[in-house]
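For reference, data31.txt is printed below; it contains compact mmCIF, C-alpha atoms and all ligand atoms.
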# COMPACT_ATOMS: atom_id res chain seq x y z
CA MET A 16 18.06 16.91 16.15
CA THR A 17 21.78 16.36 15.71
CA VAL A 18 23.16 13.05 14.58
CA GLN A 19 26.64 11.92 15.47
CA PRO A 20 28.90 10.75 12.67
CA ALA A 21 29.58 7.07 13.41
CA PRO A 22 32.33 4.94 11.87
CA ALA A 23 31.37 3.33 8.57
CA PRO A 24 31.24 -0.48 8.31
CA ALA A 25 34.47 -1.88 6.77
CA ASP A 26 32.63 -3.15 3.73
CA LEU A 27 30.02 -0.51 2.96
CA GLY A 28 28.28 -2.18 0.04
CA ALA A 29 26.67 1.14 -0.94
CA PRO A 30 27.71 4.47 -2.45
CA ILE A 31 28.93 7.20 -0.09
CA ALA A 32 27.01 10.49 -0.07
CA ASP A 33 29.62 12.71 1.58
CA TRP A 34 28.03 15.88 0.22
CA VAL A 35 25.05 15.71 2.59
CA ARG A 36 25.22 18.19 5.49
CA ILE A 37 23.00 18.12 8.58
CA GLU A 38 22.31 21.89 8.46
CA ASP A 39 20.98 21.55 4.90
CA LEU A 40 18.82 18.60 5.88
CA TYR A 41 17.37 20.66 8.71
CA ASP A 42 16.61 23.70 6.52
CA ASP A 43 15.17 21.91 3.49
CA PRO A 44 15.79 18.18 3.09
CA TYR A 45 13.78 17.73 -0.09
CA PRO A 46 16.41 18.69 -2.74
CA ILE A 47 18.82 16.34 -0.91
CA TYR A 48 16.27 13.52 -0.93
CA ARG A 49 15.66 14.04 -4.66
CA ARG A 50 19.36 13.65 -5.40
CA LEU A 51 19.84 10.69 -3.05
CA ARG A 52 16.85 8.85 -4.52
CA ALA A 53 18.03 9.48 -8.07
CA GLU A 54 21.68 8.56 -7.45
CA SER A 55 21.40 5.79 -4.84
CA PRO A 56 18.24 5.23 -2.79
CA VAL A 57 20.36 3.40 -0.20
CA ALA A 58 23.55 5.38 0.49
CA TRP A 59 26.03 5.64 3.35
CA VAL A 60 25.80 9.23 4.64
CA PRO A 61 28.87 10.02 6.78
CA ALA A 62 27.32 13.16 8.29
CA VAL A 63 24.58 11.10 9.96
CA GLY A 64 26.55 7.86 10.44
CA ARG A 65 23.85 5.80 8.78
CA TYR A 66 22.66 4.43 5.49
CA LEU A 67 19.78 6.66 4.44
CA VAL A 68 16.98 4.87 2.60
CA THR A 69 15.01 7.30 0.45
CA SER A 70 12.87 5.39 -2.07
CA PHE A 71 9.28 4.41 -1.34
CA GLU A 72 9.90 0.83 -2.42
CA ALA A 73 12.92 0.27 -0.14
CA CYS A 74 11.28 1.97 2.89
CA HIS A 75 8.15 -0.10 2.35
CA ARG A 76 10.18 -3.29 2.14
CA ILE A 77 11.90 -2.52 5.45
CA GLU A 78 8.54 -2.09 7.16
CA GLN A 79 7.28 -5.41 5.85
CA ASP A 80 10.34 -7.42 7.01
CA ALA A 81 10.88 -6.88 10.72
CA ASP A 82 13.02 -10.06 10.99
CA THR A 83 15.70 -8.53 8.79
CA PHE A 84 15.23 -4.90 9.82
CA SER A 85 15.18 -4.74 13.61
CA ALA A 86 13.78 -1.82 15.60
CA ASP A 87 15.95 -2.79 18.58
CA GLU A 88 18.90 -0.66 17.53
CA GLU A 89 22.24 -0.99 19.35
CA GLY A 90 23.36 2.13 21.23
CA SER A 91 19.90 3.69 20.95
CA LEU A 92 19.79 7.05 22.70
CA MET A 93 16.03 6.73 22.88
CA LYS A 94 16.52 3.83 25.30
CA ARG A 95 18.85 5.96 27.41
CA SER A 96 16.51 8.92 27.42
CA MET A 97 13.12 7.17 27.75
CA GLY A 98 13.82 3.52 28.61
CA HIS A 99 13.09 0.49 26.43
CA SER A 100 9.66 1.08 24.91
CA MET A 101 7.72 -0.93 22.32
CA LEU A 102 9.12 1.31 19.58
CA ARG A 103 12.59 -0.19 20.11
CA LYS A 104 11.44 -3.78 20.64
CA ASP A 105 10.89 -6.52 18.09
CA ASP A 106 8.10 -9.07 18.19
CA PRO A 107 7.12 -10.97 20.25
CA GLU A 108 8.27 -8.58 23.05
CA HIS A 109 6.93 -5.56 21.16
CA GLN A 110 3.49 -7.15 20.87
CA VAL A 111 3.18 -7.57 24.66
CA ASP A 112 3.58 -3.82 25.23
CA ARG A 113 1.43 -2.87 22.28
CA ALA A 114 -1.39 -5.18 23.37
CA ALA A 115 -1.39 -3.48 26.78
CA TYR A 116 -2.61 -0.25 25.09
CA GLY A 117 -5.85 -2.16 24.48
CA PRO A 118 -8.68 -0.24 22.85
CA VAL A 119 -7.77 3.23 24.28
CA LEU A 120 -6.48 4.74 21.04
CA ARG A 121 -8.82 2.87 18.71
CA PRO A 122 -11.79 4.29 16.73
CA LYS A 123 -14.53 3.13 19.13
CA ALA A 124 -12.94 4.81 22.17
CA ILE A 125 -12.21 7.90 20.13
CA LYS A 126 -15.81 8.15 19.05
CA GLU A 127 -17.27 7.43 22.49
CA THR A 128 -14.80 9.23 24.73
CA TRP A 129 -12.12 11.33 23.08
CA THR A 130 -13.89 13.26 20.30
CA ALA A 131 -15.78 15.30 22.91
CA VAL A 132 -12.47 16.02 24.67
CA PHE A 133 -10.89 17.19 21.39
CA ALA A 134 -13.92 19.43 20.73
CA ARG A 135 -13.74 21.00 24.19
CA ASN A 136 -10.01 21.61 23.85
CA ALA A 137 -10.39 23.10 20.36
CA GLU A 138 -12.98 25.49 21.72
CA LYS A 139 -10.81 26.55 24.66
CA TYR A 140 -7.54 27.01 22.82
CA LEU A 141 -9.20 28.69 19.82
CA ALA A 142 -10.80 31.21 22.16
CA ASP A 143 -7.40 31.90 23.76
CA PHE A 144 -5.81 32.19 20.34
CA ALA A 145 -8.49 34.53 18.98
CA ALA A 146 -8.00 36.74 22.04
CA ALA A 147 -4.30 37.11 21.14
CA GLY A 148 -5.41 38.90 17.96
CA PRO A 149 -4.28 38.84 14.32
CA GLY A 150 -0.54 38.37 13.84
CA ALA A 151 -0.35 35.66 16.52
CA ASP A 152 1.62 32.46 15.93
CA LEU A 153 -0.75 29.57 15.27
CA HIS A 154 1.94 26.98 15.90
CA LEU A 155 2.72 28.02 19.47
CA GLY A 156 -0.59 29.68 20.24
CA PHE A 157 -3.00 26.97 19.16
CA ALA A 158 -1.49 23.81 17.63
CA ALA A 159 0.92 23.11 20.52
CA PRO A 160 -1.41 23.52 23.54
CA PHE A 161 -4.30 21.79 21.70
CA ALA A 162 -2.16 18.73 20.90
CA ALA A 163 -0.58 18.68 24.36
CA GLU A 164 -3.86 18.93 26.27
CA ASN A 165 -5.47 16.20 24.14
CA LEU A 166 -2.55 13.91 24.85
CA ARG A 167 -2.51 14.75 28.56
CA GLU A 168 -6.15 13.73 28.87
CA ILE A 169 -5.87 10.56 26.76
CA MET A 170 -2.84 9.43 28.71
CA GLY A 171 -4.48 10.23 32.02
CA PHE A 172 -1.92 12.60 33.56
CA ARG A 173 -4.43 14.26 35.86
CA ASN A 174 -1.50 15.34 38.05
CA ALA A 175 0.26 17.32 35.29
CA THR A 176 -0.48 20.25 32.96
CA GLN A 177 -0.30 20.49 29.20
CA GLU A 178 2.74 22.74 29.68
CA ASP A 179 4.40 19.89 31.62
CA LEU A 180 3.73 17.55 28.70
CA GLN A 181 5.22 20.01 26.21
CA ARG A 182 8.36 20.34 28.33
CA TRP A 183 8.66 16.58 28.97
CA SER A 184 8.18 15.81 25.30
CA GLN A 185 10.74 18.29 23.99
CA THR A 186 13.46 17.59 26.55
CA MET A 187 13.22 13.81 26.18
CA ILE A 188 13.17 14.09 22.38
CA ASP A 189 16.28 16.26 22.67
CA GLY A 190 17.79 13.41 24.72
CA THR A 191 17.06 10.86 22.00
CA GLY A 192 19.00 13.09 19.60
CA ASN A 193 21.84 13.97 21.97
CA TYR A 194 24.63 12.34 19.98
CA ALA A 195 26.89 15.26 20.90
CA ASP A 196 26.60 13.97 24.50
CA ASP A 197 25.80 17.47 25.77
CA PRO A 198 25.53 17.17 29.58
CA ASP A 199 22.96 19.95 29.76
CA VAL A 200 20.67 18.11 27.34
CA TRP A 201 21.04 14.90 29.38
CA ALA A 202 20.32 16.76 32.62
CA LYS A 203 17.07 18.24 31.25
CA SER A 204 16.00 14.92 29.74
CA ALA A 205 16.74 13.08 33.01
CA ALA A 206 14.84 15.70 35.04
CA SER A 207 11.76 15.26 32.82
CA SER A 208 12.11 11.51 32.94
CA ALA A 209 12.14 11.66 36.77
CA GLU A 210 9.07 13.92 36.76
CA VAL A 211 7.20 11.44 34.53
CA ASP A 212 8.23 8.55 36.81
CA ALA A 213 6.95 10.43 39.86
CA ALA A 214 3.66 11.29 38.14
CA ILE A 215 3.17 7.65 37.12
CA ASP A 216 4.11 6.31 40.56
CA GLU A 217 1.53 8.58 42.13
CA LEU A 218 -1.20 7.39 39.74
CA ILE A 219 -0.55 3.63 39.77
CA PRO A 220 -2.38 2.92 43.06
CA VAL A 221 -5.20 5.30 42.12
CA LEU A 222 -5.81 3.62 38.75
CA THR A 223 -5.39 0.12 40.14
CA ALA A 224 -8.18 0.82 42.64
CA ASP A 225 -10.35 2.74 40.21
CA PRO A 226 -9.60 2.08 36.51
CA ASP A 227 -10.73 4.61 33.91
CA ALA A 228 -10.66 5.06 30.11
CA THR A 229 -7.08 6.41 29.91
CA LEU A 230 -3.91 4.89 28.49
CA LEU A 231 -2.16 4.87 31.84
CA SER A 232 -5.05 2.96 33.36
CA ALA A 233 -4.89 0.41 30.52
CA VAL A 234 -1.18 -0.31 30.89
CA VAL A 235 -1.30 -0.36 34.69
CA ASN A 236 -4.20 -2.82 34.70
CA ALA A 237 -2.70 -4.94 31.91
CA GLY A 238 0.01 -5.79 34.43
CA LEU A 239 3.03 -4.42 32.53
CA PRO A 240 6.16 -4.16 34.70
CA VAL A 241 6.71 -0.64 35.97
CA GLU A 242 9.81 -0.14 33.80
CA ALA A 243 7.78 -0.95 30.68
CA ILE A 244 4.94 1.33 31.81
CA ARG A 245 7.38 4.18 32.27
CA ALA A 246 9.22 3.65 28.98
CA ASN A 247 6.06 3.34 26.90
CA MET A 248 4.47 6.40 28.50
CA LYS A 249 7.62 8.44 27.81
CA MET A 250 7.77 7.27 24.22
CA THR A 251 4.10 8.16 23.76
CA ILE A 252 4.64 11.61 25.27
CA GLY A 253 7.50 12.06 22.81
CA GLY A 254 5.60 10.60 19.84
CA GLY A 255 2.04 11.73 20.41
CA LEU A 256 2.39 15.49 20.89
CA ASN A 257 4.65 17.06 18.27
CA GLU A 258 3.20 15.08 15.36
CA PRO A 259 -0.46 16.18 15.58
CA ARG A 260 0.81 19.69 16.39
CA ASP A 261 3.04 19.67 13.31
CA VAL A 262 0.56 18.24 10.84
CA LEU A 263 -2.00 20.78 12.00
CA GLY A 264 0.43 23.61 11.25
CA THR A 265 1.52 22.10 7.95
CA ALA A 266 -2.07 21.60 6.77
CA VAL A 267 -2.99 25.20 7.61
CA TRP A 268 0.13 26.53 5.92
CA ALA A 269 -0.48 24.41 2.80
CA LEU A 270 -4.10 25.51 2.50
CA LEU A 271 -3.38 29.19 3.13
CA SER A 272 -0.67 28.99 0.46
CA ASN A 273 -3.08 27.33 -2.01
CA PRO A 274 -6.28 29.43 -1.92
CA ASP A 275 -7.99 27.36 -4.65
CA GLN A 276 -7.68 24.21 -2.59
CA LEU A 277 -8.75 26.04 0.57
CA ALA A 278 -11.88 27.28 -1.22
CA GLN A 279 -12.58 23.73 -2.33
CA VAL A 280 -12.42 22.37 1.25
CA LEU A 281 -14.46 25.22 2.68
CA ALA A 282 -17.12 24.50 0.08
CA ASP A 283 -17.05 20.76 0.80
CA PRO A 284 -16.15 19.93 4.43
CA ALA A 285 -16.10 16.21 3.56
CA LEU A 286 -12.65 17.01 2.13
CA TRP A 287 -11.02 17.79 5.52
CA PRO A 288 -9.69 14.22 5.94
CA THR A 289 -8.21 14.40 2.42
CA ALA A 290 -6.56 17.74 3.22
CA PHE A 291 -5.09 16.18 6.38
CA GLU A 292 -3.84 13.03 4.63
CA GLU A 293 -2.18 15.07 1.89
CA ALA A 294 -0.49 17.28 4.53
CA VAL A 295 0.93 14.28 6.35
CA ARG A 296 2.19 12.84 3.05
CA TRP A 297 3.63 16.14 1.87
CA VAL A 298 5.58 16.88 5.08
CA ALA A 299 5.84 13.71 7.16
CA PRO A 300 6.03 14.89 10.83
CA ILE A 301 8.35 11.97 11.60
CA GLY A 302 10.71 12.19 8.67
CA MET A 303 13.18 9.47 9.61
CA TYR A 304 13.41 6.58 12.07
CA PRO A 305 16.08 3.99 12.69
CA ARG A 306 16.37 0.29 11.93
CA GLN A 307 19.31 -2.13 12.05
CA THR A 308 19.91 -5.15 9.81
CA THR A 309 20.03 -8.55 11.50
CA ARG A 310 21.73 -10.19 8.48
CA ALA A 311 23.43 -9.26 5.23
CA VAL A 312 20.76 -8.14 2.76
CA GLU A 313 20.34 -6.59 -0.69
CA LEU A 314 18.28 -3.40 -0.58
CA GLY A 315 17.71 -0.75 -3.24
CA GLY A 316 20.80 -1.80 -5.20
CA ALA A 317 23.06 -1.87 -2.10
CA SER A 318 24.57 -4.93 -0.38
CA LEU A 319 24.19 -4.17 3.30
CA PRO A 320 26.21 -6.03 5.94
CA ALA A 321 24.61 -7.46 9.08
CA GLY A 322 24.40 -4.82 11.83
CA ALA A 323 24.03 -1.92 9.36
CA ARG A 324 22.34 1.11 10.92
CA LEU A 325 19.67 2.55 8.68
CA GLY A 326 17.66 5.74 8.59
CA VAL A 327 14.29 4.95 7.06
CA VAL A 328 13.50 8.30 5.49
CA ILE A 329 9.72 8.22 5.13
CA GLY A 330 9.83 11.98 4.51
CA ALA A 331 11.64 11.12 1.25
CA ALA A 332 9.58 8.02 0.44
CA ASN A 333 6.43 10.15 0.61
CA ARG A 334 7.82 12.31 -2.21
CA ASP A 335 9.03 9.49 -4.45
CA PRO A 336 7.88 10.21 -8.03
CA GLU A 337 7.57 6.45 -8.59
CA GLN A 338 4.73 6.49 -6.07
CA PHE A 339 3.23 10.00 -6.41
CA GLU A 340 2.82 12.17 -9.47
CA ASP A 341 4.28 15.67 -9.04
CA PRO A 342 5.23 14.70 -5.46
CA GLU A 343 6.66 18.04 -4.32
CA ALA A 344 3.27 19.75 -4.66
CA TYR A 345 0.55 19.86 -2.03
CA ASN A 346 -2.45 18.65 -4.00
CA LEU A 347 -5.50 17.29 -2.27
CA ASN A 348 -6.92 16.25 -5.64
CA ARG A 349 -4.11 13.81 -6.36
CA GLU A 350 -4.80 10.15 -7.03
CA LYS A 351 -5.19 8.31 -3.70
CA ARG A 352 -2.14 6.12 -3.06
CA PRO A 353 -0.70 4.75 0.20
CA HIS A 354 1.89 6.93 1.99
CA LEU A 355 4.24 6.01 4.83
CA ALA A 356 3.79 8.92 7.25
CA PHE A 357 2.36 6.61 9.94
CA GLY A 358 4.96 3.91 9.30
CA GLY A 359 3.82 0.40 8.52
CA GLY A 360 4.06 -3.21 9.56
CA THR A 361 4.21 -4.10 13.22
CA HIS A 362 5.10 -0.58 14.45
CA PHE A 363 2.32 1.15 12.50
CA CYS A 364 1.43 4.26 14.51
CA ALA A 365 -0.91 3.43 17.38
CA GLY A 366 -2.15 7.04 17.46
CA THR A 367 -3.24 7.32 13.82
CA TRP A 368 -6.94 7.58 14.68
CA VAL A 369 -6.28 10.11 17.44
CA ALA A 370 -4.38 12.28 14.97
CA ARG A 371 -6.93 11.94 12.18
CA THR A 372 -9.88 12.72 14.43
CA SER A 373 -8.36 15.49 16.52
CA VAL A 374 -6.83 17.34 13.58
CA ALA A 375 -8.94 16.55 10.49
CA GLN A 376 -12.36 16.22 12.05
CA VAL A 377 -12.11 18.68 14.94
CA ALA A 378 -9.30 21.25 14.84
CA LEU A 379 -9.12 22.19 11.15
CA PRO A 380 -12.85 22.77 10.49
CA ARG A 381 -13.30 24.63 13.79
CA LEU A 382 -10.27 26.81 13.20
CA PHE A 383 -11.46 28.02 9.80
CA ASP A 384 -14.93 28.48 11.20
CA ALA A 385 -13.82 30.47 14.24
CA LEU A 386 -11.43 32.78 12.38
CA PRO A 387 -13.11 33.93 9.15
CA GLY A 388 -10.77 35.20 6.47
CA LEU A 389 -7.83 33.31 7.99
CA ARG A 390 -4.69 34.11 6.01
CA LEU A 391 -0.91 34.21 6.31
CA ALA A 392 0.33 37.30 8.15
CA ASP A 393 2.97 39.65 6.73
CA ARG A 394 5.70 38.02 8.81
CA PRO A 395 6.92 34.87 6.99
CA ALA A 396 6.09 31.36 8.22
CA ARG A 397 9.06 29.10 8.91
CA GLU A 398 9.41 25.31 8.92
CA GLY A 399 12.36 23.17 9.89
CA GLY A 400 13.69 19.72 10.70
CA TRP A 401 14.18 16.41 8.95
CA VAL A 402 14.08 13.71 11.68
CA PHE A 403 11.00 15.58 12.85
CA ARG A 404 9.66 18.27 10.55
CA GLY A 405 6.99 20.90 11.03
CA MET A 406 6.29 24.60 11.34
CA LEU A 407 8.58 26.59 13.63
CA GLU A 408 6.46 29.70 13.32
CA LEU A 409 3.10 30.28 11.60
CA PRO A 410 1.93 33.88 12.00
CA VAL A 411 -1.63 34.33 10.73
CA ALA A 412 -4.20 37.09 10.43
CA TRP A 413 -8.01 37.07 10.13
CA ASN A 414 -10.90 39.45 9.66
C1 LIG B 1 0.15 13.02 12.61
C2 LIG B 1 0.43 12.43 13.75
C3 LIG B 1 1.35 11.24 13.90
C4 LIG B 1 2.29 10.73 13.03
C5 LIG B 1 2.67 11.25 11.64
C6 LIG B 1 2.87 9.56 13.67
C7 LIG B 1 3.86 8.77 13.11
C8 LIG B 1 4.33 7.58 13.67
C9 LIG B 1 5.29 6.70 13.05
C10 LIG B 1 5.98 6.96 11.71
C11 LIG B 1 5.49 5.64 13.87
C12 LIG B 1 6.41 4.45 13.64
C13 LIG B 1 7.84 4.77 13.98
C14 LIG B 1 8.76 3.59 13.84
O1 LIG B 1 8.37 2.55 13.29
O2 LIG B 1 9.92 3.68 14.31
C15 LIG B 1 4.63 5.84 15.03
C16 LIG B 1 4.55 4.97 16.10
C17 LIG B 1 3.79 5.22 17.22
N1 LIG B 1 2.94 6.29 17.43
FE1 LIG B 1 2.53 7.78 16.14
N2 LIG B 1 2.29 9.41 14.91
C18 LIG B 1 1.36 10.39 15.08
C19 LIG B 1 0.53 10.57 16.18
C20 LIG B 1 0.51 9.78 17.30
C21 LIG B 1 -0.31 10.01 18.47
C22 LIG B 1 -1.30 11.16 18.61
C23 LIG B 1 -0.02 9.01 19.35
C24 LIG B 1 -0.59 8.76 20.72
C25 LIG B 1 -1.71 9.24 21.17
C26 LIG B 1 0.98 8.15 18.74
C27 LIG B 1 1.50 7.01 19.30
C28 LIG B 1 2.38 6.14 18.68
C29 LIG B 1 2.87 4.93 19.30
C30 LIG B 1 2.49 4.39 20.68
C31 LIG B 1 3.76 4.35 18.38
C32 LIG B 1 4.54 3.06 18.56
C33 LIG B 1 3.84 1.92 17.86
C34 LIG B 1 4.61 0.60 17.95
O3 LIG B 1 5.82 0.58 18.16
O4 LIG B 1 3.93 -0.43 17.79
N3 LIG B 1 1.27 8.66 17.48
N4 LIG B 1 3.94 7.03 14.88

I need this file expressed as structure tokens, please.
Ligand code: HEM
Amino acid sequence: MTVQPAPAPADLGAPIADWVRIEDLYDDPYPIYRRLRAESPVAWVPAVGRYLVTSFEACHRIEQDADTFSADEEGSLMKRSMGHSMLRKDDPEHQVDRAAYGPVLRPKAIKETWTAVFARNAEKYLADFAAAGPGADLHLGFAAPFAAENLREIMGFRNATQEDLQRWSQTMIDGTGNYADDPDVWAKSAASSAEVDAAIDELIPVLTADPDATLLSAVVNAGLPVEAIRANMKMTIGGGLNEPRDVLGTAVWALLSNPDQLAQVLADPALWPTAFEEAVRWVAPIGMYPRQTTRAVELGGASLPAGARLGVVIGAANRDPEQFEDPEAYNLNREKRPHLAFGGGTHFCAGTWVARTSVAQVALPRLFDALPGLRLADRPAREGGWVFRGMLELPVAWN
């Protein structure tokens, strides 16, 4: 994702980190986060046109004070690309949309309805992946279609394919990051947005007459206006696909790179949730999200003006040595402490239980079961990103 340099406020109230470059953030943000946190955990970063907040304490404080740190950011490209969803609303408006999701993504529905769907999809996409043979890319060949098909079914897009969801998700996410105003990016994002609208319009009468267990059915029958239905569905397509895909890849990569820890989990399957939680801490799939101050406020040693645009860098907070010992290491035996990968406060991720169940309880154990001797292939694995971060390529081999 590119981020447009925006003009700095007249009175910054924070140090300037003009040495930060977007390309370096994309390749490997962690050395940059270490320096930012040590020098000034709230700094104005000209390259991204925002104050980046990199300490656990300051990120946590932002999440607990939604009156001061608004999610309804001015000039949000997410609103242009996907419409005004709950993610960019403050309470009480945010709560109306969130309540419309009802119990669909919550543990009871996951246990009763969705776990069987995840299991079926794991079976199908693992069989396809195994057929591709050793050397295949686990990221594209398994993690992506598995996450996309799960989301398609939960959301209730019976008139679309998992490939449609992957395309919709990526092109609309590209729109939310299109600060360069590239017309081609806008055209693709708008085309996907129109396809989602058409799919929803077709399903509204069907689900009104005959409600089912899906998210679309819940929001339609909760009586949300059609614009809110569309925006929230688009945001959920953008936010519910890449993240489970990416944490799945990261967890596999971390375990294959740490054979002692892999052996430990294989010997004690009760550790799969711990392996998942440590993966999501270690490489937060959503590394940064925006907030804007509603008043002048002191934060992390900086004096921010009202209207300041912030990047809440949870990818950095999750590696803050004040919160985690030896934070750069993947270590499933570390002391259990709260991380911020799912956000916090009023916008705490609504899909947390979907992600935990589909990845930790279903995909990871079945993957290692289905492909004995799973290991990294000779071709190197690659990861990238900082706003969103995950594997770009994960070639693996097995016996
Ligand atoms: C490992 C997987 C996931 C991670 C790390 C993750 C992370 C996050 C984070 C950090 C936020 C808050 C962003 C902010 O405050 O600006 C969020 C919000 C949200 N996530 Fe997730 N997510 C994941 C999976 C999912 C899935 C699978 C779904 C849907 C099935 C989903 C649906 C949502 C929704 C609807 C929100 C908005 C909540 C609100 O505004 O109240 N997420 N997620």

- Item | One-decimal distance in Å that lies between atom CA of A:Val35 and atom CA of A:Arg76 | 24.1 Å

- Calculate how many Å separate atom CA of A:Arg381 from atom CA of A:Gly117, rounding to one decimal.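 Between atom CA of A:Arg381 and atom CA of A:Gly117 the gap works out to 29.8 Å.
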
Using only C-alpha atoms, I'd like a table of the residues in stretch 19-53 of chain A that come within 8 Å of stretch 310-324 of chain A; for each, show the closest atom pair and its distance in Å rounded to one decimal, ordered by chain and ascending number, as a Markdown table.
| residue | atom | partner | partner_atom | distance |
| --- | --- | --- | --- | --- |
| A:Pro24 | CA | A:Ala323 | CA | 7.4 |
| A:Asp26 | CA | A:Pro320 | CA | 7.4 |
| A:Leu27 | CA | A:Leu319 | CA | 6.9 |
| A:Gly28 | CA | A:Ser318 | CA | 4.6 |
| A:Ala29 | CA | A:Ala317 | CA | 4.8 |
| A:Pro30 | CA | A:Ala317 | CA | 7.9 |

- Give as a list of chain:residue names each residue that has an atom at most 10 Å from (12.9, -10.0, 18.7) in the file, counting all atoms listed in the file. A:Ala81, A:Asp82, A:Ser85, A:Ala86, A:Asp87, A:Arg103, A:Lys104, A:Asp105, A:Asp106, A:Pro107, A:Glu108, A:His109

Store the residues of this selection in a file with C-alpha atoms, as a PDB file, in the frame of the given file.
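The result, written out as part13.pdb:
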ATOM      1  CA  ALA A  81      10.880  -6.880  10.720  1.00  0.00           C
ATOM      2  CA  ASP A  82      13.020 -10.060  10.990  1.00  0.00           C
ATOM      3  CA  SER A  85      15.180  -4.740  13.610  1.00  0.00           C
ATOM      4  CA  ALA A  86      13.780  -1.820  15.600  1.00  0.00           C
ATOM      5  CA  ASP A  87      15.950  -2.790  18.580  1.00  0.00           C
ATOM      6  CA  ARG A 103      12.590  -0.190  20.110  1.00  0.00           C
ATOM      7  CA  LYS A 104      11.440  -3.780  20.640  1.00  0.00           C
ATOM      8  CA  ASP A 105      10.890  -6.520  18.090  1.00  0.00           C
ATOM      9  CA  ASP A 106       8.100  -9.070  18.190  1.00  0.00           C
ATOM     10  CA  PRO A 107       7.120 -10.970  20.250  1.00  0.00           C
ATOM     11  CA  GLU A 108       8.270  -8.580  23.050  1.00  0.00           C
ATOM     12  CA  HIS A 109       6.930  -5.560  21.160  1.00  0.00           C
TER      13      HIS A 109
END

- Hey, what's within 10 Å of A:Ser204 if we count only C-alpha atoms and toss same-chain stuff fewer than 6 positions away? As a VMD selection string, please? chain A and resid 95 to 97 182 to 191 193 198 210

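Put simply, atom C17 of ligand LIG 1 (chain B) is 13.0 Å away from atom CA of A:Gly302.
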
With a cut-off of 10 Å, could you pull out the residues of stretch 218-321 of chain A touching stretch 354-363 of chain A and give me the nearest pair of atoms for each, distance in Å to one decimal, using all atoms listed in the file, ordered by chain and ascending number, as JSON lines?
{"residue": "A:Glu292", "atom": "CA", "partner": "A:His354", "partner_atom": "CA", "distance": 8.8}
{"residue": "A:Glu293", "atom": "CA", "partner": "A:His354", "partner_atom": "CA", "distance": 9.1}
{"residue": "A:Ala294", "atom": "CA", "partner": "A:Ala356", "partner_atom": "CA", "distance": 9.8}
{"residue": "A:Val295", "atom": "CA", "partner": "A:Ala356", "partner_atom": "CA", "distance": 6.1}
{"residue": "A:Arg296", "atom": "CA", "partner": "A:Ala356", "partner_atom": "CA", "distance": 6.0}
{"residue": "A:Trp297", "atom": "CA", "partner": "A:Ala356", "partner_atom": "CA", "distance": 9.0}
{"residue": "A:Val298", "atom": "CA", "partner": "A:Ala356", "partner_atom": "CA", "distance": 8.4}
{"residue": "A:Ala299", "atom": "CA", "partner": "A:Ala356", "partner_atom": "CA", "distance": 5.2}
{"residue": "A:Pro300", "atom": "CA", "partner": "A:Ala356", "partner_atom": "CA", "distance": 7.3}
{"residue": "A:Ile301", "atom": "CA", "partner": "A:Ala356", "partner_atom": "CA", "distance": 7.0}
{"residue": "A:Gly302", "atom": "CA", "partner": "A:Ala356", "partner_atom": "CA", "distance": 7.8}
{"residue": "A:Met303", "atom": "CA", "partner": "A:Ala356", "partner_atom": "CA", "distance": 9.7}
{"residue": "A:Tyr304", "atom": "CA", "partner": "A:Gly358", "partner_atom": "CA", "distance": 9.3}

Wanna dump the stretch 287-394 of chain A-stretch 54-72 of chain A contacts at 7 Å for me, each residue with its shortest atom pair and the distance in Å to one decimal, counting only C-alpha atoms, ordered by chain and number, as a tab-separated table?
residue	atom	partner	partner_atom	distance
A:Gly315	CA	A:Val57	CA	5.8
A:Ala317	CA	A:Val57	CA	6.2
A:Arg324	CA	A:Arg65	CA	5.4
A:Leu325	CA	A:Tyr66	CA	4.8
A:Gly326	CA	A:Leu67	CA	4.8
A:Val327	CA	A:Val68	CA	5.2
A:Val328	CA	A:Thr69	CA	5.4
A:Ala331	CA	A:Thr69	CA	5.2
A:Ala332	CA	A:Phe71	CA	4.0
A:Asn333	CA	A:Phe71	CA	6.7
A:Asp335	CA	A:Phe71	CA	6.0
A:Gln338	CA	A:Phe71	CA	6.9

- Shortest interatomic distance to ligand LIG 1 (chain B) - which of A:Leu379, A:Ala344, A:Val262, A:Leu155, counting all atoms listed in the file: A:Val262

- Task: Find, counting all atoms listed in the file, the residue in A:Gly254, A:Gly238, A:Gly192, A:Pro380 that gets nearest to ligand LIG 1 (chain B).
- Result: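 When distances to ligand LIG 1 (chain B) are compared using all atoms listed in the file, the smallest one comes from A:Gly254.
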
- Query: Between A:Leu386, A:Ile47, A:Leu222, A:Ile37, which is the closest to A:Leu141 once you count all atoms listed in the file?
  - Reply: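 Nearest candidate to A:Leu141 out of A:Leu386, A:Ile47, A:Leu222, A:Ile37: A:Leu386.
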
- Mind checking which residues fall within 10 Å of A:Glu138, counting all atoms listed in the file, ignoring those fewer than 2 positions away in the same chain, and posting them as number ranges by chain? A: 132-136, 140-144, 161, 377-378, 381-382, 385

- Message: I'd like to know which of A:Thr367, A:Thr229, A:Thr130, A:Thr176 is closest to ligand LIG 1 (chain B), using all atoms listed in the file.
- Response: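 Counting all atoms listed in the file, the residue closest to ligand LIG 1 (chain B) is A:Thr367.
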
- Item | Nearest candidate to ligand LIG 1 (chain B) (options A:Ala233, A:Ala53, A:Ala114, A:Leu270; using only C-alpha atoms and all ligand atoms) | A:Ala114

- Message: At a cut-off of 12 Å, using only C-alpha atoms, what residues contact A:Glu242? Leave out same-chain residues fewer than 3 positions from it and give the result as a VMD selection string.
- Response: chain A and resid 94 97 to 101 112 208 211 to 212 215 to 216 234 to 235 238 to 239 245 to 249
